[in-house]
>>> print(open('work-v9.cif').read())   # mmCIF, C-alpha atoms
data_structure
#
loop_
_atom_site.label_atom_id
_atom_site.label_comp_id
_atom_site.auth_asym_id
_atom_site.auth_seq_id
_atom_site.Cartn_x
_atom_site.Cartn_y
_atom_site.Cartn_z
CA MET A 42 0.00 0.00 0.00
CA ARG A 43 2.83 2.42 0.74
CA ILE A 44 4.35 1.71 -2.69
CA LEU A 45 0.98 2.48 -4.30
CA TYR A 46 0.65 5.64 -2.16
CA THR A 47 4.14 6.75 -3.21
CA CYS A 48 3.48 6.16 -6.91
CA LEU A 49 0.25 8.16 -6.74
CA PHE A 50 2.04 10.97 -4.88
CA TYR A 51 4.74 11.16 -7.58
CA LEU A 52 2.04 11.27 -10.29
CA LEU A 53 0.21 14.04 -8.46
CA LEU A 54 3.30 16.10 -7.64
CA PRO A 55 3.05 18.36 -10.75
CA ALA A 56 -0.58 19.13 -9.86
CA ILE A 57 0.42 19.81 -6.24
CA LEU A 58 3.08 22.27 -7.39
CA LEU A 59 0.61 23.94 -9.77
CA ARG A 60 -1.87 24.32 -6.92
CA LEU A 61 0.89 25.90 -4.83
CA ALA A 62 1.52 28.39 -7.65
CA TRP A 63 -2.21 29.07 -7.96
CA ARG A 64 -2.50 29.77 -4.24
CA GLY A 65 0.47 32.10 -4.67
CA ILE A 66 -1.63 34.38 -6.88
CA LYS A 67 -3.65 35.56 -3.89
CA ALA A 68 -1.04 34.80 -1.23
CA PRO A 69 2.44 35.43 -2.71
CA ALA A 70 4.08 33.75 0.30
CA TYR A 71 3.04 30.37 -1.13
CA ARG A 72 5.30 31.03 -4.13
CA GLU A 73 8.27 31.88 -1.96
CA ARG A 74 10.72 29.21 -0.78
CA TRP A 75 8.81 26.50 -2.64
CA GLN A 76 12.12 24.67 -3.16
CA GLU A 77 12.11 23.85 0.57
CA ARG A 78 9.06 21.63 0.02
CA LEU A 79 11.28 19.54 -2.26
CA ALA A 80 14.15 19.69 0.28
CA PHE A 81 16.40 21.87 -1.87
CA TYR A 82 18.09 24.42 0.38
CA ARG A 83 20.04 27.52 -0.55
CA HIS A 84 22.42 27.40 2.41
CA SER A 85 23.58 25.02 5.10
CA TYR A 86 21.94 24.61 8.50
CA PRO A 87 23.23 23.52 11.92
CA HIS A 88 22.92 19.81 12.60
CA PRO A 89 22.04 17.44 14.16
CA VAL A 90 18.70 18.87 15.30
CA ILE A 91 15.73 18.27 17.52
CA TRP A 92 13.00 18.58 14.91
CA LEU A 93 9.47 19.78 15.72
CA HIS A 94 6.65 20.11 13.21
CA ALA A 95 3.51 22.26 13.46
CA VAL A 96 1.15 22.60 10.49
CA SER A 97 0.01 26.21 10.76
CA VAL A 98 -0.24 29.19 13.05
CA GLY A 99 -2.52 27.55 15.64
CA GLU A 100 -0.27 24.54 16.13
CA THR A 101 2.81 26.77 16.11
CA GLU A 102 1.35 28.96 18.85
CA ALA A 103 0.61 25.89 20.94
CA LEU A 104 4.13 24.56 20.41
CA LEU A 105 5.94 27.75 21.47
CA PRO A 106 6.03 27.11 25.26
CA LEU A 107 7.59 23.68 24.66
CA VAL A 108 10.12 25.09 22.19
CA LYS A 109 11.15 27.85 24.58
CA ARG A 110 11.62 25.38 27.40
CA LEU A 111 13.76 23.14 25.17
CA LEU A 112 15.86 26.18 24.24
CA SER A 113 16.28 27.04 27.92
CA GLU A 114 17.01 23.53 29.21
CA TYR A 115 19.09 22.33 26.23
CA PRO A 116 21.04 25.41 25.04
CA GLN A 117 23.64 23.15 23.40
CA GLU A 118 21.06 21.61 21.04
CA HIS A 119 20.00 22.92 17.63
CA LEU A 120 16.25 23.11 17.06
CA LEU A 121 14.47 22.90 13.70
CA ILE A 122 10.81 23.94 13.34
CA THR A 123 8.92 23.00 10.19
CA THR A 124 5.48 24.26 9.18
CA THR A 125 3.21 23.70 6.21
CA THR A 126 1.67 27.16 5.78
CA PRO A 127 3.19 30.63 5.35
CA THR A 128 1.20 31.88 8.36
CA GLY A 129 2.83 29.21 10.51
CA SER A 130 6.20 30.18 9.07
CA ALA A 131 5.61 33.86 9.86
CA ARG A 132 4.68 33.01 13.46
CA VAL A 133 7.87 30.95 13.94
CA LYS A 134 10.01 33.81 12.65
CA ALA A 135 8.21 36.45 14.70
CA ALA A 136 8.30 34.49 17.96
CA LEU A 137 11.69 32.76 17.73
CA GLN A 138 13.67 34.77 15.17
CA ASP A 139 17.13 33.23 14.75
CA ARG A 140 16.96 31.04 17.88
CA VAL A 141 15.85 28.08 15.74
CA SER A 142 16.18 26.94 12.15
CA HIS A 143 12.99 26.96 10.10
CA VAL A 144 11.94 25.48 6.74
CA TYR A 145 8.72 24.17 5.24
CA LEU A 146 7.85 20.52 5.77
CA PRO A 147 9.12 18.50 2.78
CA TYR A 148 6.67 16.55 0.66
CA ASP A 149 6.15 12.93 1.71
CA LEU A 150 8.30 11.28 -0.98
CA PRO A 151 11.38 9.10 -0.36
CA ASP A 152 14.02 11.05 -2.32
CA ILE A 153 12.81 14.35 -0.87
CA LEU A 154 12.88 12.96 2.66
CA HIS A 155 16.41 11.62 2.14
CA ARG A 156 17.60 15.13 1.19
CA PHE A 157 15.82 16.59 4.21
CA THR A 158 17.33 14.20 6.77
CA ARG A 159 20.77 14.38 5.12
CA CYS A 160 20.71 18.16 5.57
CA PHE A 161 19.38 18.32 9.14
CA GLN A 162 20.23 14.91 10.62
CA PRO A 163 17.31 14.86 13.11
CA LYS A 164 18.06 13.08 16.38
CA LEU A 165 14.44 13.37 17.50
CA ALA A 166 11.20 14.08 15.56
CA VAL A 167 8.20 15.66 17.30
CA ILE A 168 5.02 15.94 15.20
CA MET A 169 2.07 17.97 16.48
CA GLU A 170 -1.52 16.72 16.48
CA THR A 171 -2.66 14.41 13.64
CA GLU A 172 -0.04 14.57 10.92
CA ILE A 173 0.31 10.95 9.75
CA TRP A 174 2.64 10.67 6.74
CA PRO A 175 3.45 7.10 5.62
CA ASN A 176 6.82 7.75 3.96
CA LEU A 177 7.97 10.24 6.59
CA PHE A 178 7.19 7.86 9.43
CA ALA A 179 8.81 4.93 7.59
CA HIS A 180 11.88 7.04 6.86
CA CYS A 181 12.24 7.93 10.54
CA GLY A 182 12.00 4.24 11.38
CA GLN A 183 14.63 3.30 8.78
CA GLN A 184 16.98 6.07 9.96
CA GLY A 185 16.52 5.22 13.64
CA ILE A 186 15.01 8.63 14.44
CA PRO A 187 12.76 8.49 17.54
CA LEU A 188 9.34 9.76 16.44
CA TYR A 189 6.81 11.29 18.85
CA LEU A 190 3.25 12.21 17.87
CA VAL A 191 2.30 14.83 20.47
CA ASN A 192 -0.81 16.73 21.47
CA ALA A 193 -2.35 14.05 19.31
CA ARG A 194 -6.06 14.02 18.60
CA LEU A 195 -8.14 11.67 16.47
CA SER A 196 -11.82 12.20 15.82
CA GLU A 197 -14.17 9.24 15.42
CA ARG A 198 -14.69 10.25 11.80
CA SER A 199 -10.93 10.20 11.08
CA ALA A 200 -10.55 6.92 12.93
CA ARG A 201 -13.24 5.32 10.74
CA ALA A 202 -11.42 6.54 7.62
CA TYR A 203 -8.08 5.14 8.81
CA ARG A 204 -9.67 1.79 9.64
CA ARG A 205 -10.58 1.43 5.96
CA VAL A 206 -6.88 1.25 4.97
CA PRO A 207 -5.29 -0.89 7.70
CA SER A 208 -2.54 -2.15 5.38
CA LEU A 209 -1.29 1.44 5.04
CA ILE A 210 -2.02 2.84 8.51
CA ARG A 211 -0.87 -0.01 10.76
CA PRO A 212 2.68 -0.20 9.28
CA THR A 213 2.86 3.62 9.40
CA LEU A 214 1.94 3.74 13.09
CA ALA A 215 4.47 0.99 13.82
CA HIS A 216 7.30 3.52 13.31
CA ILE A 217 6.06 5.84 16.10
CA THR A 218 8.05 5.74 19.33
CA CYS A 219 5.28 7.19 21.49
CA ILE A 220 1.92 8.91 21.12
CA ALA A 221 1.07 11.65 23.63
CA SER A 222 -2.66 12.29 23.22
CA GLN A 223 -4.98 15.07 24.36
CA SER A 224 -7.63 12.83 25.92
CA ALA A 225 -8.42 9.26 26.91
CA GLU A 226 -10.83 9.07 23.97
CA ASP A 227 -8.05 10.04 21.56
CA SER A 228 -5.78 7.40 23.09
CA ALA A 229 -8.44 4.72 22.65
CA ARG A 230 -8.95 5.65 19.01
CA PHE A 231 -5.23 5.48 18.22
CA LEU A 232 -5.08 2.02 19.76
CA ALA A 233 -8.19 1.01 17.81
CA ILE A 234 -6.61 1.91 14.44
CA GLY A 235 -3.52 -0.15 15.18
CA ALA A 236 -1.03 1.82 17.30
CA THR A 237 1.37 -0.58 19.02
CA CYS A 238 3.68 1.97 20.66
CA PRO A 239 3.06 3.39 24.15
CA VAL A 240 0.03 5.75 24.05
CA ARG A 241 -0.07 8.23 26.93
CA THR A 242 -2.79 10.75 27.74
CA LEU A 243 -0.97 13.97 28.69
CA GLY A 244 -3.63 16.61 28.02
CA ASN A 245 -3.88 19.50 25.58
CA VAL A 246 -0.90 21.88 25.37
CA LYS A 247 -3.21 24.60 24.02
CA PHE A 248 -4.31 25.20 27.60
CA ASP A 249 -0.74 26.38 28.25
CA THR A 250 -0.94 29.23 25.74
CA GLU A 251 1.42 32.09 26.61
CA ILE A 252 -0.29 35.27 27.82
CA ALA A 253 1.98 38.22 28.62
CA ALA A 254 1.40 39.73 32.06
CA ASP A 255 0.70 43.15 30.56
CA LEU A 256 -1.37 41.94 27.58
CA ARG A 257 -4.68 43.05 29.05
CA SER A 258 -3.36 46.54 29.75
CA GLN A 259 -1.87 46.69 26.24
CA GLY A 260 -5.24 45.74 24.81
CA GLN A 261 -7.08 48.35 26.83
CA HIS A 262 -4.57 50.99 25.76
CA LEU A 263 -5.10 49.99 22.13
CA LYS A 264 -8.86 50.16 22.64
CA SER A 265 -8.73 53.67 24.10
CA ARG A 266 -6.46 54.82 21.27
CA LEU A 267 -8.30 53.24 18.32
CA PHE A 268 -11.84 52.46 19.49
CA ALA A 269 -12.55 55.05 22.19
CA GLY A 270 -16.06 54.77 23.60
CA ARG A 271 -17.06 51.78 21.48
CA PHE A 272 -18.32 48.34 22.53
CA VAL A 273 -15.98 46.04 20.60
CA TRP A 274 -17.13 42.73 19.12
CA LEU A 275 -14.30 40.69 17.58
CA LEU A 276 -14.93 38.01 14.95
CA ALA A 277 -11.65 36.08 15.12
CA SER A 278 -10.15 33.66 12.57
CA SER A 279 -13.09 34.02 10.20
CA HIS A 280 -13.56 31.91 7.08
CA GLN A 281 -15.34 32.57 3.80
CA GLY A 282 -19.08 32.76 4.37
CA GLU A 283 -18.88 33.81 8.00
CA GLU A 284 -18.61 37.55 7.38
CA ALA A 285 -21.70 37.33 5.16
CA LEU A 286 -23.60 35.96 8.18
CA VAL A 287 -22.22 38.45 10.68
CA LEU A 288 -22.38 41.76 8.80
CA PRO A 289 -26.22 41.85 8.50
CA LEU A 290 -26.42 40.94 12.19
CA TYR A 291 -24.16 43.89 12.99
CA ARG A 292 -26.60 46.21 11.21
CA GLN A 293 -29.47 44.83 13.30
CA LEU A 294 -27.59 45.09 16.58
CA LYS A 295 -26.60 48.71 15.91
CA GLN A 296 -30.26 49.64 16.38
CA HIS A 297 -30.06 48.46 20.00
CA LEU A 298 -26.38 49.14 20.62
CA PRO A 299 -25.32 52.32 18.77
CA GLU A 300 -21.72 52.24 20.07
CA LEU A 301 -21.10 48.73 18.68
CA LEU A 302 -17.94 48.25 16.59
CA LEU A 303 -17.20 45.03 14.72
CA LEU A 304 -13.59 43.84 14.36
CA ILE A 305 -12.94 41.13 11.77
CA ALA A 306 -9.70 39.14 11.78
CA PRO A 307 -9.73 36.71 8.80
CA ARG A 308 -7.96 33.40 9.34
CA HIS A 309 -6.03 33.54 6.06
CA PRO A 310 -4.07 36.60 4.84
CA GLU A 311 -5.20 36.12 1.23
CA ARG A 312 -8.72 37.01 2.40
CA PHE A 313 -7.79 40.35 3.96
CA SER A 314 -8.76 42.22 0.79
CA GLU A 315 -12.17 40.53 0.60
CA ILE A 316 -13.64 42.14 3.70
CA GLY A 317 -13.83 45.74 2.45
CA PRO A 318 -16.06 44.93 -0.55
CA LEU A 319 -18.32 42.81 1.69
CA CYS A 320 -18.72 45.81 4.01
CA GLN A 321 -19.52 48.09 1.08
CA GLN A 322 -22.22 45.69 -0.10
CA GLN A 323 -23.88 46.09 3.29
CA GLY A 324 -23.47 49.87 3.25
CA LEU A 325 -21.00 49.78 6.12
CA THR A 326 -17.91 51.96 6.57
CA TRP A 327 -14.65 50.23 7.38
CA LEU A 328 -11.01 50.77 8.25
CA SER A 329 -8.02 48.44 8.20
CA ARG A 330 -5.33 47.94 10.81
CA THR A 331 -2.64 48.69 8.21
CA SER A 332 -4.23 52.08 7.48
CA GLY A 333 -2.90 53.29 10.84
CA GLN A 334 -6.08 55.30 11.43
CA ALA A 335 -8.28 55.37 14.52
CA CYS A 336 -11.98 54.63 14.22
CA SER A 337 -14.46 57.47 14.21
CA ALA A 338 -18.05 57.33 15.46
CA ALA A 339 -19.08 56.52 11.88
CA THR A 340 -16.79 53.48 11.50
CA ASP A 341 -18.69 50.19 11.48
CA VAL A 342 -16.00 47.59 10.80
CA TYR A 343 -12.29 47.44 11.60
CA VAL A 344 -10.35 44.83 9.62
CA VAL A 345 -7.37 43.25 11.39
CA ASP A 346 -5.22 42.69 8.30
CA THR A 347 -2.02 41.82 10.18
CA LEU A 348 -0.52 38.62 11.54
CA GLY A 349 0.49 37.80 15.11
CA GLU A 350 -1.79 40.32 16.85
CA LEU A 351 -4.88 38.25 17.58
CA LYS A 352 -4.25 37.99 21.33
CA LEU A 353 -3.81 41.76 21.51
CA PHE A 354 -7.15 42.33 19.80
CA TYR A 355 -8.84 39.79 22.07
CA ALA A 356 -7.54 41.89 24.95
CA ALA A 357 -9.04 44.99 23.34
CA ALA A 358 -12.45 43.38 22.76
CA ASP A 359 -15.58 43.28 24.92
CA VAL A 360 -16.75 40.00 23.39
CA GLY A 361 -15.08 37.50 21.07
CA LEU A 362 -16.73 35.23 18.50
CA VAL A 363 -14.33 32.48 17.41
CA GLY A 364 -14.63 31.79 13.67
CA GLY A 365 -14.38 28.58 11.73
CA SER A 366 -17.44 27.55 13.74
CA LEU A 367 -20.27 29.29 11.87
CA VAL A 368 -19.60 27.29 8.71
CA PRO A 369 -18.57 23.60 8.61
CA VAL A 370 -14.82 24.13 8.99
CA GLY A 371 -14.53 22.47 12.39
CA GLY A 372 -13.84 25.45 14.62
CA HIS A 373 -10.71 27.07 16.01
CA ASN A 374 -9.01 27.37 19.38
CA VAL A 375 -11.28 29.08 21.93
CA LEU A 376 -8.69 28.82 24.71
CA GLU A 377 -6.68 31.87 23.61
CA ALA A 378 -9.72 34.10 24.05
CA ALA A 379 -10.57 32.45 27.36
CA ALA A 380 -7.01 32.87 28.67
CA VAL A 381 -6.87 36.52 27.63
CA GLY A 382 -10.06 37.28 29.58
CA VAL A 383 -12.78 38.05 27.06
CA PRO A 384 -16.28 36.46 26.94
CA VAL A 385 -16.15 33.64 24.39
CA LEU A 386 -18.82 32.79 21.80
CA PHE A 387 -18.62 30.15 19.09
CA GLY A 388 -20.91 28.55 16.54
CA PRO A 389 -22.29 25.04 16.02
CA TYR A 390 -19.37 23.57 14.04
CA MET A 391 -16.66 22.59 16.54
CA ALA A 392 -15.70 19.06 15.42
CA ASN A 393 -11.96 19.83 15.56
CA PHE A 394 -12.25 21.09 19.15
CA LYS A 395 -15.07 18.86 20.37
CA ALA A 396 -13.56 17.99 23.76
CA VAL A 397 -12.55 21.58 24.52
CA ALA A 398 -15.97 22.89 23.45
CA GLU A 399 -17.77 20.35 25.63
CA GLY A 400 -15.52 21.13 28.60
CA ILE A 401 -15.83 24.90 28.43
CA LEU A 402 -19.62 24.68 28.03
CA ALA A 403 -19.89 22.29 30.97
CA HIS A 404 -18.15 24.93 33.10
CA ASN A 405 -20.55 27.67 31.89
CA ALA A 406 -17.46 29.45 30.60
CA ALA A 407 -18.55 30.17 27.01
CA VAL A 408 -21.68 30.37 24.86
CA GLN A 409 -22.34 28.17 21.86
CA CYS A 410 -24.62 29.89 19.36
CA GLN A 411 -26.58 27.59 17.06
CA THR A 412 -28.00 30.43 14.94
CA VAL A 413 -27.15 33.99 13.97
CA ALA A 414 -29.99 35.15 16.22
CA ASP A 415 -28.30 33.35 19.12
CA ILE A 416 -25.13 35.38 18.49
CA GLY A 417 -27.09 38.61 18.67
CA ALA A 418 -28.80 37.57 21.90
CA ALA A 419 -25.47 36.57 23.48
CA ILE A 420 -23.83 39.88 22.56
CA LEU A 421 -26.74 41.87 24.01
CA ALA A 422 -26.60 39.76 27.20
CA VAL A 423 -22.88 40.51 27.61
CA TYR A 424 -23.54 44.22 26.99
CA ASN A 425 -26.58 44.58 29.26
CA ARG A 426 -25.42 42.38 32.16
CA PRO A 427 -21.95 43.24 33.49
CA ASP A 428 -22.29 40.51 36.14
CA TYR A 429 -22.91 37.92 33.42
CA LYS A 430 -19.91 39.17 31.45
CA ASP A 431 -17.67 39.00 34.52
CA ALA A 432 -18.88 35.48 35.36
CA LEU A 433 -18.13 34.22 31.83
CA ILE A 434 -14.61 35.65 32.03
CA ALA A 435 -13.91 34.26 35.52
CA GLN A 436 -15.27 30.80 34.71
CA ALA A 437 -13.30 30.64 31.46
CA LEU A 438 -10.06 31.59 33.19
CA ALA A 439 -10.71 28.96 35.88
CA PHE A 440 -11.38 26.33 33.19
CA VAL A 441 -8.10 27.12 31.42
CA GLN A 442 -6.05 27.13 34.62
CA ALA A 443 -7.57 23.84 35.82
CA ASN A 444 -6.43 22.08 32.65
CA GLN A 445 -2.90 23.46 32.33
CA GLY A 446 0.28 21.42 32.65
CA ALA A 447 0.38 19.32 29.47
CA THR A 448 3.46 21.15 28.20
CA GLY A 449 5.42 20.24 31.35
CA ARG A 450 4.36 16.61 31.10
CA LEU A 451 5.31 16.52 27.42
CA PHE A 452 8.67 18.11 28.15
CA GLY A 453 9.35 15.40 30.72
CA LEU A 454 8.53 12.71 28.16
CA LEU A 455 10.92 14.21 25.60
CA ALA A 456 13.61 14.81 28.24
CA ASP A 457 13.58 11.09 29.00
CA GLU A 458 14.20 10.37 25.31
CA LEU A 459 16.93 13.01 25.03
CA ALA A 460 18.67 11.53 28.09
CA GLN A 461 19.27 8.41 25.99
CA THR A 462 20.58 10.39 23.02
CA PRO A 463 24.07 11.93 22.85
CA SER A 464 23.98 15.72 22.80
CA VAL A 465 25.82 17.99 20.38
CA ALA A 466 28.36 18.79 23.09
CA GLU A 467 29.08 15.10 23.59
#
>>> encode(input="work-v9.cif", output="C-alpha cells")
Amino acid sequence: MRILYTCLFYLLLPAILLRLAWRGIKAPAYRERWQERLAFYRHSYPHPVIWLHAVSVGETEALLPLVKRLLSEYPQEHLLITTTTPTGSARVKAALQDRVSHVYLPYDLPDILHRFTRCFQPKLAVIMETEIWPNLFAHCGQQGIPLYLVNARLSERSARAYRRVPSLIRPTLAHITCIASQSAEDSARFLAIGATCPVRTLGNVKFDTEIAADLRSQGQHLKSRLFAGRFVWLLASSHQGEEALVLPLYRQLKQHLPELLLLIAPRHPERFSEIGPLCQQQGLTWLSRTSGQACSAATDVYVVDTLGELKLFYAAADVGLVGGSLVPVGGHNVLEAAAVGVPVLFGPYMANFKAVAEGILAHNAAVQCQTVADIGAAILAVYNRPDYKDALIAQALAFVQANQGATGRLFGLLADELAQTPSVAE
C-alpha cells in the first residue's frame, strides 16, 4: 500500500506544485521558498537537530512554550521547526527569530525525505496533532530517528477513515516511538486503528498558551487609542461565508447598541482584501489595521489585516466570537480568548475542538450559538449584564487554569528520550 501511495504521490506532484503556484496568486508567500518543500536548500543549517513540526499558526502557537523550554534547558542543542503554511512560518520567525532553524515541511516522498534528513540529521522528531505521513514515518524508522506524535487528537470520523486502509495505517503507526494524546478518547482511538507503541494521555498543550502579564493593559490601551467609547465585538479567525452571516447581524444590533464596533480578523491573509467589498455591499464603513487610522463614530467595521496580533485584539475586545465555527470548517481554538479574559462565543461547528468545546460549556465558561440570532442575543446579554460578562470571564479563566500542565508533562517525556541520546556537546 505504501508503494501504491508513493506512486500516486509522484504522479500528483506536478498538480500539487501547480496548486501551490495558484494559491500564490492571492497569497504570494506560497510562491516563496517553494524549493524547501522539495528539500532543496540555498544554504547550510546547523545539525544534528531536535526537529518539531507544526502545520500552521494555531499549532505553532501551541508549540511555542515547549520550544522555549527546550531552548532554555538544552542550550547546546539545535532546534528545527517545520510548518506547512506561510502563516505558521511567519509566526515561527516572529516568535523565535534566529533562535531556531525553520523550513517548510518536505513533501512525503522518499528522495525528498532523504535530502531533508541528510541536511538536518534529526536526532528526534516531534510531530504535532494528527499529521500521519506514511513515507515520513517509515523514513524515521529506517533512519533510527525516535518519532513522537504529540498533542495528538483523532476524531471518530478520522478513525473510521483510517480503519478502511489498515494495510497502510498499521505499518505507518508501527514507526512511532510514542503517542502523547490530548484525551483518553483520543488514546483509545489510536489504539483502535492499530497503534502498538506506548500511548499516553498527557492533556492538551493549548491550555498552556502564553499570555503576557501586561497583555490586558496593552489591549485596553489599544482600545482607548483606536476604538474610544465603542463596545468592541471581535470576529476572530473568520472563514469565507462567516462575514456574510455576521455583517447583516451587525446592522441589526446597531439599532439596539449604537456604540457597537465590529472587528474582523480573517484566518487567512489572502482574504484580507475581501472584507472591504463585503462591508460596502452592506453599506457599512470600514477601516483596516494597516491604514494606521483610529476609528471614528461613523466606523462600522475594523479589519485586522495583520498577523500575530490576535491575542492583543482579544484583549481589546468586549466580546469575542471564534470563527471557523459558523460554517462547517470544524472550529478554532477558543482557549486563547478564554485565557486573555474576554467572553467567548462560538458557533455550532466545533468538530476539531469537540472535547474543549464540551468542557468549556460544561463549566458555563462560554456560549455556543446555534443560529445567527443566538449570536445577537449573546452579545446583548454581555452588553446589558456586566455581572454575566464577569462570570463568563472568571469561569473561562478557571477552566483554562484547571487544565494546564500538558506542556510540562510533554517536556518530561521528551527529556527522558533526550537523556538516551548523545547531545551535540558530547
>>> closest_atom_pairs(input="work-v9.cif", of="region 205-313 of chain A", to="region 424-448 of chain A", cutoff="12 Å", atoms="only C-alpha atoms", output="Markdown table")
| residue | atom | partner | partner_atom | distance |
| --- | --- | --- | --- | --- |
| A:Ala221 | CA | A:Ala447 | CA | 9.7 |
| A:Ser222 | CA | A:Ala447 | CA | 9.9 |
| A:Gln223 | CA | A:Ala447 | CA | 8.5 |
| A:Ser224 | CA | A:Ala447 | CA | 10.9 |
| A:Arg241 | CA | A:Ala447 | CA | 11.4 |
| A:Thr242 | CA | A:Ala447 | CA | 9.3 |
| A:Leu243 | CA | A:Ala447 | CA | 5.6 |
| A:Gly244 | CA | A:Ala447 | CA | 5.1 |
| A:Asn245 | CA | A:Ala447 | CA | 5.8 |
| A:Val246 | CA | A:Ala447 | CA | 5.0 |
| A:Lys247 | CA | A:Gln445 | CA | 8.4 |
| A:Phe248 | CA | A:Gln445 | CA | 5.2 |
| A:Asp249 | CA | A:Gln445 | CA | 5.5 |
| A:Thr250 | CA | A:Gln445 | CA | 9.0 |
| A:Glu251 | CA | A:Gln445 | CA | 11.2 |
| A:Ile252 | CA | A:Leu438 | CA | 11.7 |
| A:Arg271 | CA | A:Tyr424 | CA | 11.4 |
| A:Phe272 | CA | A:Tyr424 | CA | 8.0 |
| A:Val273 | CA | A:Tyr424 | CA | 10.1 |
| A:Trp274 | CA | A:Tyr424 | CA | 10.3 |
| A:Leu294 | CA | A:Tyr424 | CA | 11.2 |
| A:His297 | CA | A:Tyr424 | CA | 10.5 |
| A:Leu298 | CA | A:Tyr424 | CA | 8.5 |
| A:Pro299 | CA | A:Tyr424 | CA | 11.7 |
| A:Glu300 | CA | A:Tyr424 | CA | 10.7 |
| A:Leu301 | CA | A:Tyr424 | CA | 9.8 |
>>> resolve_selection(input="work-v9.cif", expression="the PyMOL selection byres ((chain A and resi 170-175) around 6)", output="ChimeraX atom specification")
/A:169,176-178,191-194,213
>>> closest_residue(input="work-v9.cif", among="A:Ala396, A:Leu276, A:Leu376, A:Ala357", to="Glu102 (chain A)", atoms="all atoms listed in the file")
A:Leu376
>>> resolve_selection(input="work-v9.cif", expression="the PyMOL selection byres ((chain A and resi 365-368) around 8)", output="list in words")
Ser278, Ser279, His280, Gly282, Glu283, Val363, Gly364, Pro369, Val370, Gly371, Gly372, His373, Phe387, Gly388, Pro389, Tyr390 and Met391 of chain A
>>> resolve_selection(input="work-v9.cif", expression="the PyMOL selection byres ((chain A and resi 109) around 12)", output="ChimeraX atom specification")
/A:101-108,110-116,120,122,133,136-138,140-141,251,448-449,452
>>> atom_distance(input="work-v9.cif", atom1="CA of Ile316 (chain A)", atom2="CA of Arg330 (chain A)")
12.4 Å
>>> residues_around(input="work-v9.cif", residues="Ile153 (chain A)", least_positions_apart="4", cutoff="9 Å", atoms="all atoms listed in the file", output="list in words")
Arg78, Leu79, Ala80, Phe81, Pro147, Tyr148, Asp149, Phe157 and Thr158 of chain A
>>> residues_around(input="work-v9.cif", residues="Ala131 (chain A)", least_positions_apart="4", cutoff="8 Å", atoms="only C-alpha atoms", output="mmCIF file with C-alpha atoms, in the coordinates of the input")
data_model
loop_
_atom_site.group_PDB
_atom_site.id
_atom_site.type_symbol
_atom_site.label_atom_id
_atom_site.label_comp_id
_atom_site.auth_asym_id
_atom_site.auth_seq_id
_atom_site.Cartn_x
_atom_site.Cartn_y
_atom_site.Cartn_z
ATOM 1 C CA PRO A 127 3.190 30.630 5.350
ATOM 2 C CA ALA A 135 8.210 36.450 14.700
ATOM 3 C CA LEU A 348 -0.520 38.620 11.540
#
>>> atom_distance(input="work-v9.cif", atom1="CA of Gly361 (chain A)", atom2="CA of Pro310 (chain A)")
19.6 Å
>>> residues_around(input="work-v9.cif", residues="Tyr203 (chain A)", least_positions_apart="6", cutoff="9 Å", atoms="all atoms listed in the file", output="PDB file with C-alpha atoms, in the coordinates of the input")
ATOM      1  CA  LEU A 209      -1.290   1.440   5.040  1.00  0.00           C
ATOM      2  CA  ILE A 210      -2.020   2.840   8.510  1.00  0.00           C
ATOM      3  CA  ILE A 234      -6.610   1.910  14.440  1.00  0.00           C
TER       4      ILE A 234
END
>>> axis_aligned_box(input="work-v9.cif", around="region 46-65 of chain A", padding_each_side="8 Å", output="JSON")
{"center_x": 1.1, "center_y": 18.9, "center_z": -6.5, "size_x": 23.2, "size_y": 42.5, "size_z": 24.6}
>>> atom_distance(input="work-v9.cif", atom1="CA of Phe50 (chain A)", atom2="CA of Ser228 (chain A)")
29.3 Å
>>> residues_around(input="work-v9.cif", residues="Tyr189 (chain A)", least_positions_apart="4", cutoff="7 Å", atoms="all atoms listed in the file", output="PyMOL selection string")
chain A and resi 166-168+217-220
>>> closest_residue(input="work-v9.cif", among="A:Gln261, A:Ser208, A:Gln296, A:Gln461", to="Met42 (chain A)", atoms="only C-alpha atoms")
A:Ser208
>>> closest_residue(input="work-v9.cif", among="A:Leu286, A:Gln183, A:Ile91, A:Gln117", to="Thr412 (chain A)", atoms="all atoms listed in the file")
A:Leu286
>>> closest_residue(input="work-v9.cif", among="A:Asp359, A:Asp227, A:Asp346, A:Glu315", to="Val385 (chain A)", atoms="all atoms listed in the file")
A:Asp359
>>> closest_residue(input="work-v9.cif", among="A:Val342, A:Ala356, A:Val287, A:Cys238", to="Ser265 (chain A)", atoms="all atoms listed in the file")
A:Ala356
